[in-house]
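Remarks on the structure that follows.
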Amino acid sequence: MGDAVYPCRRRVFLIVLDSFGIGASPDATAYGDAGSNTLASIAHSPAFRADTLQRLGLFNVEGGSSLPGVKAPLAAYGRCMERSRGKDTTIGHWEIAGLISKRPLPVYPDGFPAEVLDAFTQATGRGVLCNRPYSGTQVLLDYGRAHLETGNLIVYTSADSVFQIAAHESLVPPEELYEICRKARAILTGRHAVGRVIARPFIGEYPNFTRTARRHDFSLEPPGVTMLDLLREQGFDTIAVGKINDIFAGRGVSQAIPTSGNAEGMERVMQLAQEAFHGLCFLNLVDFDMLYGHRNDVDGYAAALTAFDRWLAGFLPQLGAEDVLMITADHGCDPATPSTDHSREYTPLLVYGAKIAPVPLGTRASFADIGKTVLELLGVDGPIAGASFAGALEGGGV
């Protein structure tokens, strides 16, 4: 921001509705996700209402749901198919930014091997409890007292590529826990290079332990050039709201704005719409995934989508004549299936702006088409994956 001379005055707002899938991908069976459809599952909830998204064209997208589309959508609309191997947050965002992952990040359904835990114990001087895939709230109930009695750290994972460390703030203050996570991040490389090491501070007394808002992610740095790198090199503002900064390990980010959840994320982006930045505002709304998808809470997910839709109705009028809004997702997490894991799904693609042609964009062959298009809209070229659809947005056809 400020008085710098920018190669383009346009602002792009890229909003990722974390886990908002719209139907099983062709390869979903290989991931155990045949039949998954996050949108269709929550659309049946009495808490669901999406008037603004409907007007933009969400229900005009092929295969999304049985809800009726509109005759004249306000936005360009389509869906994206993931090319990367995997279905986690990190890989999904990297692909959106133009980096396709040929190998999935490692996961540990049986816990971490001795070589990892031995190195971790040696580096931290503390033992380990749990070492299994676990619910983040249940693990506190089951291991919190032992943690306080022994000083050992609660280490657990999930279906995602994560190494999570929980510690009570009275025993291990957050800054100390963050340093422990940095040591773990240094250990977890090579074939054990998990996507994220996550600090999970908690407070309270048994059985009423609660996680605090001082969570922090220590992510694997992207292994190649991304949209953010290229924009930053050209002098654009790259504003990361929510966990975007963590996902990209801070690389290519000019300003990081952490948030405590969807409400704060939406509030901060509404504020940014009043500021004269030039470039990209990249927002992740994590509650859909973290609070509702993983907990199989259909009505909670539907209510969160309804809240976003209401916010969106107030946000659209804040966009300037040159501004572009893109709405998408990074994977699915169907809350109506027995699984609490992410689901391999198509993701929605809505693109809105005063100068954007409301055309059908079809099925994009990669999430990376989004990053390539962001670059072209801002007049930047660079070596990332994807095929731009900027020409279609300007009325030139798909």
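Residues are referred to by chain and number: the chain letter is A, B, ... according to the order shown in the structure tokens, the number counts from 1 in that chain, and ligands are numbered separately from 1 in the order shown.
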Task: All residues 8 Å or closer to A:Ala40, only C-alpha atoms, same chain fewer than 5 positions away omitted, as an MDAnalysis selection string - done: chainID A and resid 22:23 64:66
What would the file look like if the residues just selected were written as a short mmCIF file (atom, residue, chain, number, x, y, z; two decimals), in the first residue's frame with all heavy atoms?
```cif
data_model
loop_
_atom_site.label_atom_id
_atom_site.label_comp_id
_atom_site.auth_asym_id
_atom_site.auth_seq_id
_atom_site.Cartn_x
_atom_site.Cartn_y
_atom_site.Cartn_z
N ILE A 22 -18.22 -29.37 -4.16
CA ILE A 22 -19.52 -29.35 -4.82
C ILE A 22 -19.76 -30.63 -5.64
O ILE A 22 -20.44 -30.61 -6.65
CB ILE A 22 -19.70 -28.10 -5.69
CG1 ILE A 22 -18.64 -28.01 -6.80
CG2 ILE A 22 -19.69 -26.85 -4.85
CD1 ILE A 22 -18.95 -26.93 -7.83
N GLY A 23 -19.21 -31.73 -5.19
CA GLY A 23 -19.46 -33.00 -5.88
C GLY A 23 -18.19 -33.80 -6.08
O GLY A 23 -17.12 -33.24 -6.29
N GLY A 64 -23.42 -29.40 -9.07
CA GLY A 64 -23.25 -28.90 -7.71
C GLY A 64 -24.33 -29.35 -6.75
O GLY A 64 -24.07 -29.87 -5.68
N SER A 65 -25.58 -29.16 -7.13
CA SER A 65 -26.70 -29.56 -6.28
C SER A 65 -27.96 -29.57 -7.13
O SER A 65 -27.95 -29.19 -8.30
CB SER A 65 -26.86 -28.61 -5.10
OG SER A 65 -27.49 -27.40 -5.51
N SER A 66 -29.05 -29.95 -6.51
CA SER A 66 -30.33 -29.97 -7.22
C SER A 66 -31.07 -28.65 -7.10
O SER A 66 -32.19 -28.51 -7.60
CB SER A 66 -31.21 -31.10 -6.66
OG SER A 66 -31.44 -30.91 -5.27
#
```
At most 12 Å is the cut-off: for each residue in stretch 21-98 of chain A with any atom that close to an atom of stretch 267-291 of chain A, write down the nearest atom pair and the distance in Å rounded to one decimal, counting only C-alpha atoms, chain first then increasing number, as a Markdown table.
```
| residue | atom | partner | partner_atom | distance |
| --- | --- | --- | --- | --- |
| A:Gly21 | CA | A:Asp289 | CA | 10.5 |
| A:Thr38 | CA | A:Phe288 | CA | 10.4 |
| A:Leu39 | CA | A:Phe288 | CA | 11.4 |
| A:Ile42 | CA | A:Phe288 | CA | 11.1 |
| A:Asp88 | CA | A:Asp289 | CA | 10.8 |
| A:Thr89 | CA | A:Asp289 | CA | 9.6 |
| A:Thr90 | CA | A:Asn284 | CA | 11.6 |
| A:Gly92 | CA | A:Asn284 | CA | 11.7 |
| A:His93 | CA | A:Asn284 | CA | 9.4 |
| A:Ile96 | CA | A:Phe282 | CA | 10.8 |
| A:Ala97 | CA | A:Phe282 | CA | 10.3 |
```
Keeping only C-alpha atoms, write the selected residues to a file as a short mmCIF file (atom, residue, chain, number, x, y, z; two decimals), in the first residue's frame.
```cif
data_model
loop_
_atom_site.label_atom_id
_atom_site.label_comp_id
_atom_site.auth_asym_id
_atom_site.auth_seq_id
_atom_site.Cartn_x
_atom_site.Cartn_y
_atom_site.Cartn_z
CA GLY A 21 -16.73 -29.09 -2.26
CA THR A 38 -20.49 -31.13 0.54
CA LEU A 39 -22.83 -28.56 -1.01
CA ILE A 42 -25.72 -28.98 3.59
CA ASP A 88 -5.48 -31.57 2.12
CA THR A 89 -5.45 -27.84 2.79
CA THR A 90 -1.79 -27.27 2.01
CA GLY A 92 -5.09 -27.49 -2.32
CA HIS A 93 -3.90 -23.94 -1.68
CA ILE A 96 -4.68 -22.67 -6.41
CA ALA A 97 -1.47 -20.64 -6.43
#
```
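For the choices A:Tyr178, A:Phe209, A:Phe218, A:Tyr346, the atom-to-atom distance to A:Arg196 is smallest for A:Phe218 when using only C-alpha atoms.
Distance annotation: of A:Ser343, A:Gly242, A:Thr328, A:Glu62, the residue with the minimal separation from A:Asp160 is A:Ser343; atom set is only C-alpha atoms.
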Please identify which residues in stretch 77-293 of chain A DSSP calls helix (DSSP H, G or I) from the backbone, and express them as a PDB file with C-alpha atoms, in the first residue's frame.
```pdb
ATOM      1  CA  THR A  89      -5.454 -27.844   2.794  1.00  0.00           C
ATOM      2  CA  THR A  90      -1.789 -27.268   2.010  1.00  0.00           C
ATOM      3  CA  ILE A  91      -1.753 -29.049  -1.340  1.00  0.00           C
ATOM      4  CA  GLY A  92      -5.093 -27.486  -2.324  1.00  0.00           C
ATOM      5  CA  HIS A  93      -3.897 -23.940  -1.677  1.00  0.00           C
ATOM      6  CA  TRP A  94      -0.558 -24.555  -3.340  1.00  0.00           C
ATOM      7  CA  GLU A  95      -2.403 -25.725  -6.451  1.00  0.00           C
ATOM      8  CA  ILE A  96      -4.681 -22.674  -6.406  1.00  0.00           C
ATOM      9  CA  ALA A 114      10.325 -44.099  16.500  1.00  0.00           C
ATOM     10  CA  GLU A 115      12.978 -42.299  14.441  1.00  0.00           C
ATOM     11  CA  VAL A 116      10.817 -39.156  14.429  1.00  0.00           C
ATOM     12  CA  LEU A 117       9.790 -39.308  18.083  1.00  0.00           C
ATOM     13  CA  ASP A 118      13.297 -40.125  19.321  1.00  0.00           C
ATOM     14  CA  ALA A 119      14.701 -37.096  17.510  1.00  0.00           C
ATOM     15  CA  PHE A 120      11.840 -34.961  18.836  1.00  0.00           C
ATOM     16  CA  THR A 121      12.400 -36.072  22.435  1.00  0.00           C
ATOM     17  CA  GLN A 122      16.128 -35.446  22.150  1.00  0.00           C
ATOM     18  CA  ALA A 123      15.571 -31.966  20.717  1.00  0.00           C
ATOM     19  CA  THR A 124      12.941 -30.902  23.270  1.00  0.00           C
ATOM     20  CA  GLN A 138     -10.944 -35.652  22.855  1.00  0.00           C
ATOM     21  CA  VAL A 139      -7.153 -35.856  23.064  1.00  0.00           C
ATOM     22  CA  LEU A 140      -7.177 -33.200  25.793  1.00  0.00           C
ATOM     23  CA  LEU A 141      -9.759 -35.121  27.781  1.00  0.00           C
ATOM     24  CA  ASP A 142      -7.845 -38.395  27.459  1.00  0.00           C
ATOM     25  CA  TYR A 143      -4.273 -37.131  27.906  1.00  0.00           C
ATOM     26  CA  GLY A 144      -4.500 -33.685  29.516  1.00  0.00           C
ATOM     27  CA  ARG A 145      -4.065 -34.887  33.108  1.00  0.00           C
ATOM     28  CA  ALA A 146      -1.100 -37.099  32.238  1.00  0.00           C
ATOM     29  CA  HIS A 147       0.481 -34.159  30.431  1.00  0.00           C
ATOM     30  CA  LEU A 148       0.212 -31.963  33.532  1.00  0.00           C
ATOM     31  CA  GLU A 149       1.492 -34.751  35.794  1.00  0.00           C
ATOM     32  CA  THR A 150       4.489 -35.780  33.672  1.00  0.00           C
ATOM     33  CA  PRO A 174       2.776 -20.485  24.039  1.00  0.00           C
ATOM     34  CA  GLU A 175       6.117 -18.967  23.035  1.00  0.00           C
ATOM     35  CA  GLU A 176       7.909 -22.025  24.410  1.00  0.00           C
ATOM     36  CA  LEU A 177       5.477 -24.273  22.551  1.00  0.00           C
ATOM     37  CA  TYR A 178       6.176 -22.363  19.339  1.00  0.00           C
ATOM     38  CA  GLU A 179       9.905 -22.952  19.790  1.00  0.00           C
ATOM     39  CA  ILE A 180       9.211 -26.661  20.311  1.00  0.00           C
ATOM     40  CA  CYS A 181       7.242 -26.638  17.053  1.00  0.00           C
ATOM     41  CA  ARG A 182      10.157 -24.997  15.236  1.00  0.00           C
ATOM     42  CA  LYS A 183      12.376 -27.840  16.427  1.00  0.00           C
ATOM     43  CA  ALA A 184       9.821 -30.369  15.199  1.00  0.00           C
ATOM     44  CA  ARG A 185       9.613 -28.587  11.849  1.00  0.00           C
ATOM     45  CA  ALA A 186      13.393 -28.913  11.474  1.00  0.00           C
ATOM     46  CA  ILE A 187      13.138 -32.657  12.157  1.00  0.00           C
ATOM     47  CA  GLY A 190      12.566 -35.558   3.588  1.00  0.00           C
ATOM     48  CA  ARG A 191      10.144 -38.470   3.581  1.00  0.00           C
ATOM     49  CA  HIS A 192       8.666 -37.185   6.859  1.00  0.00           C
ATOM     50  CA  MET A 227       1.408 -16.860  -7.683  1.00  0.00           C
ATOM     51  CA  LEU A 228       2.323 -15.031  -4.467  1.00  0.00           C
ATOM     52  CA  ASP A 229       6.043 -15.116  -5.246  1.00  0.00           C
ATOM     53  CA  LEU A 230       5.512 -13.634  -8.703  1.00  0.00           C
ATOM     54  CA  LEU A 231       3.146 -10.906  -7.557  1.00  0.00           C
ATOM     55  CA  ARG A 232       5.466  -9.850  -4.753  1.00  0.00           C
ATOM     56  CA  GLU A 233       8.445  -9.736  -7.103  1.00  0.00           C
ATOM     57  CA  ILE A 244      -2.951 -18.178   4.201  1.00  0.00           C
ATOM     58  CA  ASN A 245       0.341 -16.874   5.585  1.00  0.00           C
ATOM     59  CA  ASP A 246       0.898 -20.128   7.471  1.00  0.00           C
ATOM     60  CA  ILE A 247       0.038 -22.293   4.459  1.00  0.00           C
ATOM     61  CA  ASN A 262     -14.748 -16.853   9.779  1.00  0.00           C
ATOM     62  CA  ALA A 263     -16.355 -13.825  11.416  1.00  0.00           C
ATOM     63  CA  GLU A 264     -13.065 -12.020  11.968  1.00  0.00           C
ATOM     64  CA  GLY A 265     -11.810 -12.978   8.509  1.00  0.00           C
ATOM     65  CA  MET A 266     -14.870 -11.504   6.832  1.00  0.00           C
ATOM     66  CA  GLU A 267     -14.658  -8.390   8.981  1.00  0.00           C
ATOM     67  CA  ARG A 268     -11.009  -7.793   8.088  1.00  0.00           C
ATOM     68  CA  VAL A 269     -11.641  -8.220   4.357  1.00  0.00           C
ATOM     69  CA  MET A 270     -14.549  -5.788   4.551  1.00  0.00           C
ATOM     70  CA  GLN A 271     -12.122  -3.297   6.099  1.00  0.00           C
ATOM     71  CA  LEU A 272      -9.527  -3.967   3.396  1.00  0.00           C
ATOM     72  CA  ASP A 287     -14.486 -22.653  10.185  1.00  0.00           C
ATOM     73  CA  PHE A 288     -16.327 -24.582   7.461  1.00  0.00           C
ATOM     74  CA  ASP A 289     -13.657 -27.280   7.659  1.00  0.00           C
ATOM     75  CA  MET A 290     -12.374 -27.095  11.221  1.00  0.00           C
ATOM     76  CA  LEU A 291     -15.625 -26.627  13.146  1.00  0.00           C
ATOM     77  CA  TYR A 292     -18.208 -28.328  10.943  1.00  0.00           C
ATOM     78  CA  GLY A 293     -16.833 -30.561   8.176  1.00  0.00           C
TER      79      GLY A 293
END
```
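With only C-alpha atoms as the atoms that count, the minimum distance from A:His331 to the choices A:Val70, A:Pro26, A:Glu82, A:Thr373 is reached by A:Glu82.
Distances to A:Gly386 were evaluated for A:Leu56, A:Ile327, A:Ala43, A:Ile100 using only C-alpha atoms, and the minimum falls at A:Ile100.
Of the listed residues (A:Arg79, A:Arg211, A:His216, A:Lys87), A:Lys87 comes nearest to A:His342; the distances count only C-alpha atoms.
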- [ ] Write down as number ranges by chain the residues belonging to stretch 136-380 of chain A that are assigned strand (DSSP E) by DSSP computed on the backbone.
- [x] A: 153-157, 162-168, 196-203, 210-211, 216-219, 237-241, 255-257, 279-285, 324-328, 347-352, 360-364
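The spacing separating atom CA of A:Leu129 from atom CA of A:Asn152 amounts to 6.3 Å.
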Task: Counting only C-alpha atoms, the option among A:Ala302, A:Gly235, A:Arg344, A:Asn208 closest to A:Gly379 - done: A:Gly235
Open item on the list: Could you list, as a ChimeraX atom specification, every residue within 8 Å of A:Cys80, counting only C-alpha atoms and ignoring same-chain residues fewer than 2 positions away?
Closed with: /A:78,82,346-349,363-367
Only C-alpha atoms, please: the residues just picked out, written as a PDB file, in the first residue's frame.
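again-v6.pdb written:
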```
ATOM      1  CA  GLY A  78     -17.696 -23.045 -13.177  1.00  0.00           C
ATOM      2  CA  GLU A  82      -7.702 -30.993  -8.515  1.00  0.00           C
ATOM      3  CA  TYR A 346     -14.766 -30.507  -7.425  1.00  0.00           C
ATOM      4  CA  THR A 347     -14.583 -26.989  -6.041  1.00  0.00           C
ATOM      5  CA  PRO A 348     -16.743 -24.016  -7.049  1.00  0.00           C
ATOM      6  CA  LEU A 349     -15.463 -21.123  -9.104  1.00  0.00           C
ATOM      7  CA  THR A 363     -14.860 -27.550 -15.690  1.00  0.00           C
ATOM      8  CA  ARG A 364     -11.321 -26.307 -15.181  1.00  0.00           C
ATOM      9  CA  ALA A 365      -8.673 -29.017 -15.399  1.00  0.00           C
ATOM     10  CA  SER A 366      -6.766 -27.690 -12.395  1.00  0.00           C
ATOM     11  CA  PHE A 367      -7.150 -25.432  -9.373  1.00  0.00           C
TER      12      PHE A 367
END
```
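One finds atom CA of A:Pro46 at 19.9 Å from atom CA of A:His294.
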TODO: With a distance cut-off of 9 Å and only C-alpha atoms, select the neighbouring residues of A:Tyr156, excluding the residue or stretch itself and same-chain residues fewer than 3 positions from it, and output the selection as a ChimeraX atom specification.
DONE: /A:111-112,129-136,139,162-166
All heavy atoms of the current selection, written as a short mmCIF file (atom, residue, chain, number, x, y, z; two decimals), in the first residue's frame:
```cif
data_model
loop_
_atom_site.label_atom_id
_atom_site.label_comp_id
_atom_site.auth_asym_id
_atom_site.auth_seq_id
_atom_site.Cartn_x
_atom_site.Cartn_y
_atom_site.Cartn_z
N GLY A 111 0.38 -43.47 13.68
CA GLY A 111 1.27 -42.67 14.52
C GLY A 111 2.64 -42.51 13.89
O GLY A 111 2.98 -43.15 12.88
N PHE A 112 3.47 -41.67 14.47
CA PHE A 112 4.78 -41.36 13.93
C PHE A 112 5.80 -42.42 14.35
O PHE A 112 5.74 -42.95 15.47
CB PHE A 112 5.25 -39.98 14.40
CG PHE A 112 4.35 -38.88 13.93
CD1 PHE A 112 3.35 -38.38 14.74
CD2 PHE A 112 4.48 -38.37 12.65
CE1 PHE A 112 2.49 -37.40 14.30
CE2 PHE A 112 3.63 -37.37 12.19
CZ PHE A 112 2.63 -36.89 13.01
N LEU A 129 3.16 -38.18 24.63
CA LEU A 129 1.92 -38.89 24.93
C LEU A 129 1.09 -39.02 23.67
O LEU A 129 1.16 -38.18 22.78
CB LEU A 129 1.12 -38.14 25.99
CG LEU A 129 1.75 -37.97 27.37
CD1 LEU A 129 0.96 -36.95 28.18
CD2 LEU A 129 1.81 -39.31 28.11
N CYS A 130 0.31 -40.06 23.59
CA CYS A 130 -0.68 -40.31 22.53
C CYS A 130 -0.04 -40.89 21.27
O CYS A 130 -0.06 -42.08 21.07
CB CYS A 130 -1.48 -39.06 22.20
SG CYS A 130 -2.85 -39.38 21.03
N ASN A 131 0.47 -40.05 20.38
CA ASN A 131 1.05 -40.47 19.11
C ASN A 131 0.08 -41.33 18.29
O ASN A 131 0.42 -42.44 17.86
CB ASN A 131 2.37 -41.22 19.30
CG ASN A 131 3.05 -41.50 17.96
OD1 ASN A 131 2.94 -40.71 17.02
ND2 ASN A 131 3.75 -42.61 17.86
N ARG A 132 -1.10 -40.80 18.07
CA ARG A 132 -2.10 -41.47 17.24
C ARG A 132 -2.95 -40.42 16.54
O ARG A 132 -2.98 -39.26 16.98
CB ARG A 132 -3.03 -42.34 18.11
CG ARG A 132 -2.36 -43.51 18.77
CD ARG A 132 -3.27 -44.11 19.84
NE ARG A 132 -4.59 -44.46 19.34
CZ ARG A 132 -5.66 -44.69 20.14
NH1 ARG A 132 -5.53 -44.60 21.45
NH2 ARG A 132 -6.82 -45.01 19.61
N PRO A 133 -3.65 -40.78 15.49
CA PRO A 133 -4.68 -39.87 14.97
C PRO A 133 -5.76 -39.69 16.03
O PRO A 133 -6.20 -40.67 16.64
CB PRO A 133 -5.22 -40.61 13.74
CG PRO A 133 -4.18 -41.62 13.39
CD PRO A 133 -3.55 -42.01 14.68
N TYR A 134 -6.16 -38.45 16.27
CA TYR A 134 -7.07 -38.20 17.39
C TYR A 134 -7.87 -36.94 17.16
O TYR A 134 -7.42 -36.00 16.49
CB TYR A 134 -6.26 -38.01 18.68
CG TYR A 134 -6.70 -38.87 19.84
CD1 TYR A 134 -6.10 -40.10 20.09
CD2 TYR A 134 -7.72 -38.45 20.70
CE1 TYR A 134 -6.48 -40.90 21.16
CE2 TYR A 134 -8.10 -39.24 21.77
CZ TYR A 134 -7.48 -40.47 22.00
OH TYR A 134 -7.87 -41.26 23.06
N SER A 135 -9.06 -36.89 17.74
CA SER A 135 -9.83 -35.66 17.80
C SER A 135 -9.09 -34.64 18.67
O SER A 135 -8.59 -34.98 19.76
CB SER A 135 -11.21 -35.93 18.40
OG SER A 135 -11.77 -34.77 18.97
N GLY A 136 -9.04 -33.40 18.21
CA GLY A 136 -8.30 -32.38 18.94
C GLY A 136 -8.89 -32.02 20.29
O GLY A 136 -8.18 -31.52 21.17
N VAL A 139 -8.52 -35.57 22.63
CA VAL A 139 -7.15 -35.86 23.06
C VAL A 139 -6.82 -35.11 24.36
O VAL A 139 -6.05 -35.62 25.19
CB VAL A 139 -6.14 -35.52 21.94
CG1 VAL A 139 -5.86 -34.02 21.85
CG2 VAL A 139 -4.84 -36.30 22.11
N VAL A 162 -0.25 -33.72 9.25
CA VAL A 162 0.03 -32.78 10.35
C VAL A 162 0.70 -33.49 11.52
O VAL A 162 0.45 -34.67 11.78
CB VAL A 162 -1.27 -32.10 10.85
CG1 VAL A 162 -1.83 -31.16 9.79
CG2 VAL A 162 -2.32 -33.12 11.27
N PHE A 163 1.56 -32.74 12.21
CA PHE A 163 2.19 -33.16 13.45
C PHE A 163 1.73 -32.12 14.48
O PHE A 163 2.18 -30.98 14.46
CB PHE A 163 3.71 -33.14 13.29
CG PHE A 163 4.51 -33.65 14.47
CD1 PHE A 163 4.99 -34.96 14.48
CD2 PHE A 163 4.83 -32.84 15.54
CE1 PHE A 163 5.77 -35.44 15.54
CE2 PHE A 163 5.60 -33.30 16.60
CZ PHE A 163 6.07 -34.60 16.60
N GLN A 164 0.79 -32.51 15.34
CA GLN A 164 0.18 -31.55 16.26
C GLN A 164 0.72 -31.75 17.67
O GLN A 164 0.85 -32.88 18.14
CB GLN A 164 -1.34 -31.70 16.24
CG GLN A 164 -1.92 -31.53 14.84
CD GLN A 164 -3.43 -31.52 14.82
OE1 GLN A 164 -4.05 -30.48 15.02
NE2 GLN A 164 -4.03 -32.67 14.56
N ILE A 165 1.00 -30.64 18.33
CA ILE A 165 1.57 -30.68 19.68
C ILE A 165 0.68 -29.85 20.59
O ILE A 165 0.56 -28.64 20.43
CB ILE A 165 3.00 -30.12 19.71
CG1 ILE A 165 3.87 -30.77 18.62
CG2 ILE A 165 3.62 -30.31 21.09
CD1 ILE A 165 5.21 -30.08 18.43
N ALA A 166 0.06 -30.51 21.57
CA ALA A 166 -0.80 -29.83 22.53
C ALA A 166 -0.07 -29.72 23.87
O ALA A 166 0.57 -30.67 24.32
CB ALA A 166 -2.12 -30.58 22.71
#
```
- [ ] Would you kindly return, as a VMD selection string, each protein, DNA or RNA residue with an atom no farther than 8 Å from any atom of A:Ala34, considering only C-alpha atoms and excluding same-chain residues fewer than 5 positions away?
- [x] chain A and resid 24 28 to 29
Could you save the residues just selected, with N, CA, C and O atoms, as a JSON list (two decimals), in the first residue's frame?
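The resulting file, selection03.json, is shown below:
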```
[["chain", "number", "residue", "atom", "x", "y", "z"],
["A", 24, "ALA", "N", -18.31, -35.12, -6.01],
["A", 24, "ALA", "CA", -17.16, -36.01, -6.10],
["A", 24, "ALA", "C", -16.41, -35.86, -7.42],
["A", 24, "ALA", "O", -17.02, -35.79, -8.49],
["A", 28, "ALA", "N", -12.56, -39.78, -7.19],
["A", 28, "ALA", "CA", -12.93, -39.81, -5.77],
["A", 28, "ALA", "C", -12.89, -41.22, -5.19],
["A", 28, "ALA", "O", -12.55, -41.41, -4.01],
["A", 29, "THR", "N", -13.23, -42.23, -5.99],
["A", 29, "THR", "CA", -13.24, -43.60, -5.48],
["A", 29, "THR", "C", -11.86, -44.02, -4.98],
["A", 29, "THR", "O", -11.74, -44.72, -3.97]]
```
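Between atom CA of A:Asp299 and atom CA of A:Ser260 the interatomic distance comes to 20.9 Å.
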